[in-house]
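Working notes, beginning with the structure itself.
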Amino acid sequence: MKATSIQHLVNVSGGKDSTAVYLRAIELGRPFRAVFADTGNEDQRVYDYIAELPNRTGGPVVETVRADFTRQLAQHRDYLIKEWPAELIAGRPGKWSFRRRRETLAEFEELAVAVRTGGTISWTLEPTIPKPDDGNVFDGWRAPVPDPHGAWVWSAGFQPMSTEEAAEVVRVAAALHEPTGNPFLDLCISKGRFPSRMAQFCTEELKTVPIVEQVVLPMLKAGPVLQWLGIRADESANRAKQARFNRHESGSMVWRPIFDWSVEQVWAQHRKHGIAPNPLYALGMGRVGCMPCINCRKSELRNIADLFPDHIDRIRQWEEIVASANKRRSATFFPAVTDPTDADRPGSYSRIDTLVEWSRTARGGRQFDLFFQAQAGGGCTSDLGLCERNAA
Ligand code: SF4
C-alpha cells in the first residue's frame, strides 16, 4: 500500500471558534488549506476579517466558495411556466402536514442500543395528536399544532384567479428566476421560500455542498483529507456528544481540535497570536454568521436592527422578491409567526419589519415569543457544524 500524506483543510466562518482552529493549524506547523462558504447573507466585517487573517497571521489565504443555483433556477422557471397557469386558475386550499422533528442524538443512541440488543425504542413514527381540520380554507395563517414527535404545520393555499391574473403572476415569477449571484437569495427564489427550523436547507445547500463539491472532492482525488472544525463540546448538549474524529459522507475525515476548549481558551488563543476577534463581537453580537440567521433570538434580531439596519432593509427586499417568485405570493424570512397585534390583517404572516418592531418590546406578542423562545440561538444541525451557535 502506498503511503500518502494527509491533506489538511480548515473550515473558516469568520467566527471565534474557527479562527481559533485556523491559529491552531498554524501552531501545529502542517501545511493546510482554509475555506469559507459565502452564503451571501453575511456582514461586510466577516469578509474583511477573513481576507485579513493571512496578513495578520502568516497563514494561508482563506479560499471562498459560493453555491451556484443557475441550474435549479432554470429548471424551476421551466416548471412554473408550464404548470403554474392551470394551478393558479384552479386555486388550492391550504392543508396540514405532519413534520417530524429531527431525531436527537440520544434517540439515535437509543436506536443503536435497540438494534444491538433486540430491544425496543420509546418513540413512534405516528403523531399522537390527530390531524387538525383543513376546513377548506384557501389562505391565511394557522398556528402549528405541536406534538411530542414534531408538529402539524399549516401550508397556506391560494385563491383561484383569472387567466389574465395567472399569466401576470407567471410572467413576474419567471423573470425573477434569473440568477442574482447571491447564493442565499437564489436558493430562496429557486425554492419559493426561506429556510426554517423545520426545513433548514440553508446550511447544507449554502455551506456543506459547495465546500464538498468545490474543495473536498477535488482534494480527495490527490489523497486523504482531514477537515478541521471549530466545534466545542460546551456549545450545546448535542455538540458535546459528537466524536473528536469521524468520517464524513464526502469521504473525508473530520477532526474537532478544540473540542474540549472553553470559550475563555478560544479568546486566549486570539490573544496569544495578537489577533483581535471579529469586530462583530465587540458590537454586541453573540455569534458570527448569517445576518440574520433564521434561528436567531429576539435579542439578536433587536441588535441587528439597531446596529445594522441595512441588513433589515436587505431582508425586506428579499421578502418582496421571494414572495413575487412564489405561487402564494407570500414569503417571510421568519416562518410561521403571525402578528398578534394586527387587527386589520388577522391571519397574515409577519414580515421582517413587524418582527423588528416586536423585538424592541420587553414583553408581549405570544406567538412571536413562543417562536423565538424555541430558537436554539443560531447554528446548524449538520455534522460539519458550519454555522456558529450563540455564545450568550
Ligand atoms: S442556519 Fe443560520 S447561519 Fe447557518 S446557513 Fe442557515 S441562516 Fe445561515
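By order of appearance in the C-alpha cells: chains A, B, ..., then residues from 1 within every chain, and ligands from 1 in the order shown.
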
A:Ala86 environment, 10 Å, only C-alpha atoms, sequence neighbours closer than 6 positions dropped, as a VMD selection string: chain A and resid 160 to 161 163 166 to 167

Just write the chosen residues, all heavy atoms, as an mmCIF file, in the first residue's frame.
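Output file again.cif follows:
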data_model
loop_
_atom_site.group_PDB
_atom_site.id
_atom_site.type_symbol
_atom_site.label_atom_id
_atom_site.label_comp_id
_atom_site.auth_asym_id
_atom_site.auth_seq_id
_atom_site.Cartn_x
_atom_site.Cartn_y
_atom_site.Cartn_z
ATOM 1 N N PRO A 160 -58.394 30.942 -6.216
ATOM 2 C CA PRO A 160 -58.384 30.819 -7.680
ATOM 3 C C PRO A 160 -58.281 32.204 -8.329
ATOM 4 O O PRO A 160 -58.736 33.184 -7.749
ATOM 5 C CB PRO A 160 -59.755 30.205 -7.999
ATOM 6 C CG PRO A 160 -60.301 29.717 -6.719
ATOM 7 C CD PRO A 160 -59.641 30.462 -5.617
ATOM 8 N N MET A 161 -57.649 32.287 -9.496
ATOM 9 C CA MET A 161 -57.542 33.594 -10.158
ATOM 10 C C MET A 161 -57.908 33.487 -11.638
ATOM 11 O O MET A 161 -58.015 32.370 -12.179
ATOM 12 C CB MET A 161 -56.144 34.193 -9.962
ATOM 13 C CG MET A 161 -54.995 33.365 -10.430
ATOM 14 S SD MET A 161 -53.396 34.189 -10.128
ATOM 15 C CE MET A 161 -53.191 34.030 -8.361
ATOM 16 N N THR A 163 -57.520 33.989 -15.819
ATOM 17 C CA THR A 163 -56.442 33.639 -16.748
ATOM 18 C C THR A 163 -55.435 34.778 -16.848
ATOM 19 O O THR A 163 -54.216 34.550 -16.844
ATOM 20 C CB THR A 163 -57.046 33.361 -18.145
ATOM 21 O OG1 THR A 163 -58.087 32.401 -17.989
ATOM 22 C CG2 THR A 163 -56.012 32.825 -19.117
ATOM 23 N N ALA A 166 -53.347 35.042 -13.642
ATOM 24 C CA ALA A 166 -52.382 33.940 -13.579
ATOM 25 C C ALA A 166 -51.208 34.207 -14.517
ATOM 26 O O ALA A 166 -50.040 33.988 -14.163
ATOM 27 C CB ALA A 166 -53.074 32.623 -13.945
ATOM 28 N N ALA A 167 -51.506 34.720 -15.722
ATOM 29 C CA ALA A 167 -50.438 34.991 -16.697
ATOM 30 C C ALA A 167 -49.469 36.042 -16.147
ATOM 31 O O ALA A 167 -48.244 35.943 -16.324
ATOM 32 C CB ALA A 167 -51.043 35.463 -18.017
#

Each residue of stretch 179-290 of chain A with at least one atom at most 7 Å from stretch 6-24 of chain A should appear once, together with its nearest atom pair and the corresponding distance in Å (one decimal); atoms considered: only C-alpha atoms; ordering: chain, then increasing residue number; output as JSON lines.
{"residue": "A:Gly223", "atom": "CA", "partner": "A:Ile6", "partner_atom": "CA", "distance": 6.8}
{"residue": "A:Pro224", "atom": "CA", "partner": "A:Ile6", "partner_atom": "CA", "distance": 5.2}
{"residue": "A:Val225", "atom": "CA", "partner": "A:Gln7", "partner_atom": "CA", "distance": 4.8}
{"residue": "A:Leu226", "atom": "CA", "partner": "A:His8", "partner_atom": "CA", "distance": 5.0}
{"residue": "A:Gln227", "atom": "CA", "partner": "A:Leu9", "partner_atom": "CA", "distance": 4.8}
{"residue": "A:Trp228", "atom": "CA", "partner": "A:Val10", "partner_atom": "CA", "distance": 4.7}
{"residue": "A:Leu229", "atom": "CA", "partner": "A:Asn11", "partner_atom": "CA", "distance": 5.9}
{"residue": "A:Gly230", "atom": "CA", "partner": "A:Ser18", "partner_atom": "CA", "distance": 4.4}
{"residue": "A:Ile231", "atom": "CA", "partner": "A:Asp17", "partner_atom": "CA", "distance": 6.9}
{"residue": "A:Pro257", "atom": "CA", "partner": "A:Val21", "partner_atom": "CA", "distance": 6.9}
{"residue": "A:Ile258", "atom": "CA", "partner": "A:Val21", "partner_atom": "CA", "distance": 6.9}
{"residue": "A:Val266", "atom": "CA", "partner": "A:Ala20", "partner_atom": "CA", "distance": 5.9}
{"residue": "A:Gln269", "atom": "CA", "partner": "A:Ala20", "partner_atom": "CA", "distance": 6.0}
{"residue": "A:His270", "atom": "CA", "partner": "A:Ala20", "partner_atom": "CA", "distance": 6.6}
{"residue": "A:Pro277", "atom": "CA", "partner": "A:Lys16", "partner_atom": "CA", "distance": 6.4}
{"residue": "A:Asn278", "atom": "CA", "partner": "A:Gly15", "partner_atom": "CA", "distance": 6.5}
{"residue": "A:Arg287", "atom": "CA", "partner": "A:Gly15", "partner_atom": "CA", "distance": 7.0}
{"residue": "A:Val288", "atom": "CA", "partner": "A:Gly15", "partner_atom": "CA", "distance": 5.1}

May I have the residues from that selection written out with C-alpha atoms, as a compact mmCIF listing (two decimals), in the first residue's frame?
# COMPACT_ATOMS: atom_id res chain seq x y z
CA GLY A 223 -5.32 11.60 -1.27
CA PRO A 224 -6.92 11.61 2.16
CA VAL A 225 -8.41 14.83 3.52
CA LEU A 226 -8.79 15.83 7.16
CA GLN A 227 -11.28 18.65 7.77
CA TRP A 228 -10.64 20.69 10.93
CA LEU A 229 -13.80 22.05 12.56
CA GLY A 230 -14.25 24.70 15.23
CA ILE A 231 -16.79 22.77 17.29
CA PRO A 257 -9.28 20.04 17.53
CA ILE A 258 -10.73 22.48 20.09
CA VAL A 266 -10.71 30.46 22.48
CA GLN A 269 -5.83 31.74 21.59
CA HIS A 270 -6.65 35.02 19.86
CA PRO A 277 -11.59 38.84 17.43
CA ASN A 278 -14.08 39.58 14.70
CA ARG A 287 -22.36 34.90 17.05
CA VAL A 288 -20.88 35.49 13.62

List as an NGL selection string the protein and nucleic acid residues near stretch 186-200 of chain A, meaning an atom at most 7 Å away when only C-alpha atoms are counted, but skip any in the same chain fewer than 4 places from it. :A and (69 or 72-73 or 76 or 177 or 179-180 or 182 or 294-295 or 322 or 325-326 or 331-333 or 335)

Can you pull out every residue from stretch 45-98 of chain A that DSSP, working from the backbone, puts in strand (DSSP E), and format the result as a ChimeraX atom specification? /A:62-65,95-98

Include C-alpha atoms and write out the residues we just selected as a PDB file, in the first residue's frame.
ATOM      1  CA  VAL A  62      -8.863  31.587   3.029  1.00  0.00           C
ATOM      2  CA  GLU A  63     -10.468  30.354  -0.199  1.00  0.00           C
ATOM      3  CA  THR A  64     -14.082  31.396  -0.721  1.00  0.00           C
ATOM      4  CA  VAL A  65     -16.691  29.088  -2.219  1.00  0.00           C
ATOM      5  CA  LYS A  95     -53.502  21.891   4.117  1.00  0.00           C
ATOM      6  CA  TRP A  96     -51.979  20.444   7.247  1.00  0.00           C
ATOM      7  CA  SER A  97     -48.940  18.191   7.043  1.00  0.00           C
ATOM      8  CA  PHE A  98     -47.005  16.459   9.769  1.00  0.00           C
TER       9      PHE A  98
END

Distance in Å - atom CA of A:Ala151 versus atom CA of A:Glu319: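 Computed distance, atom CA of A:Ala151 to atom CA of A:Glu319, equals 24.8 Å.
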
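Minimum atom-to-atom distance to A:Met219, evaluated using only C-alpha atoms, belongs to A:Phe32 out of A:Arg142, A:Phe32, A:Pro60, A:Asp43.
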
re atom CA of A:Arg45 and atom CA of A:Ile26: distance 22.7 Å

What residues in stretch 131-373 of chain A get the DSSP label helix (DSSP H, G or I)? Please answer as a VMD selection string. chain A and resid 163 to 175 183 to 191 201 to 220 233 to 235 237 to 240 263 to 272 279 to 282 298 to 307 309 to 324 352 to 359 366 to 373

Given only C-alpha atoms and all ligand atoms as the basis, pick out the residue of A:Glu168, A:Glu204, A:Val153, A:Thr4 nearest to ligand 1.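 Residue with the minimum atom-to-atom distance to ligand 1: A:Glu204.
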
Rounded to one decimal, what separation in Å do you get between atom CA of A:Glu42 and atom CA of A:Gly289?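 Atom CA of A:Gly289 lies 6.2 Å from atom CA of A:Glu42.
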
Excluding A:Arg232 and residues on its chain fewer than 5 positions from it, collect all residues at most 7 Å away from it, counting only C-alpha atoms, and give them as JSON, numbers by chain. {"A": [239, 258, 259, 260, 261]}

For the selection just defined, write its residues with N, CA and C atoms to a file, as a PDB file, in the first residue's frame.
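So result.pdb came out as:
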ATOM      1  N   ARG A 239     -23.766  18.994  20.606  1.00  0.00           N
ATOM      2  CA  ARG A 239     -22.379  19.056  20.137  1.00  0.00           C
ATOM      3  C   ARG A 239     -21.458  18.307  21.101  1.00  0.00           C
ATOM      4  N   ILE A 258     -10.539  21.686  18.861  1.00  0.00           N
ATOM      5  CA  ILE A 258     -10.733  22.477  20.089  1.00  0.00           C
ATOM      6  C   ILE A 258     -11.971  21.978  20.835  1.00  0.00           C
ATOM      7  N   PHE A 259     -12.257  20.698  20.676  1.00  0.00           N
ATOM      8  CA  PHE A 259     -13.485  20.128  21.237  1.00  0.00           C
ATOM      9  C   PHE A 259     -13.610  20.383  22.742  1.00  0.00           C
ATOM     10  N   ASP A 260     -12.480  20.277  23.484  1.00  0.00           N
ATOM     11  CA  ASP A 260     -12.532  20.418  24.945  1.00  0.00           C
ATOM     12  C   ASP A 260     -12.274  21.842  25.413  1.00  0.00           C
ATOM     13  N   TRP A 261     -12.121  22.747  24.499  1.00  0.00           N
ATOM     14  CA  TRP A 261     -11.774  24.110  24.901  1.00  0.00           C
ATOM     15  C   TRP A 261     -12.998  24.834  25.457  1.00  0.00           C
TER      16      TRP A 261
END
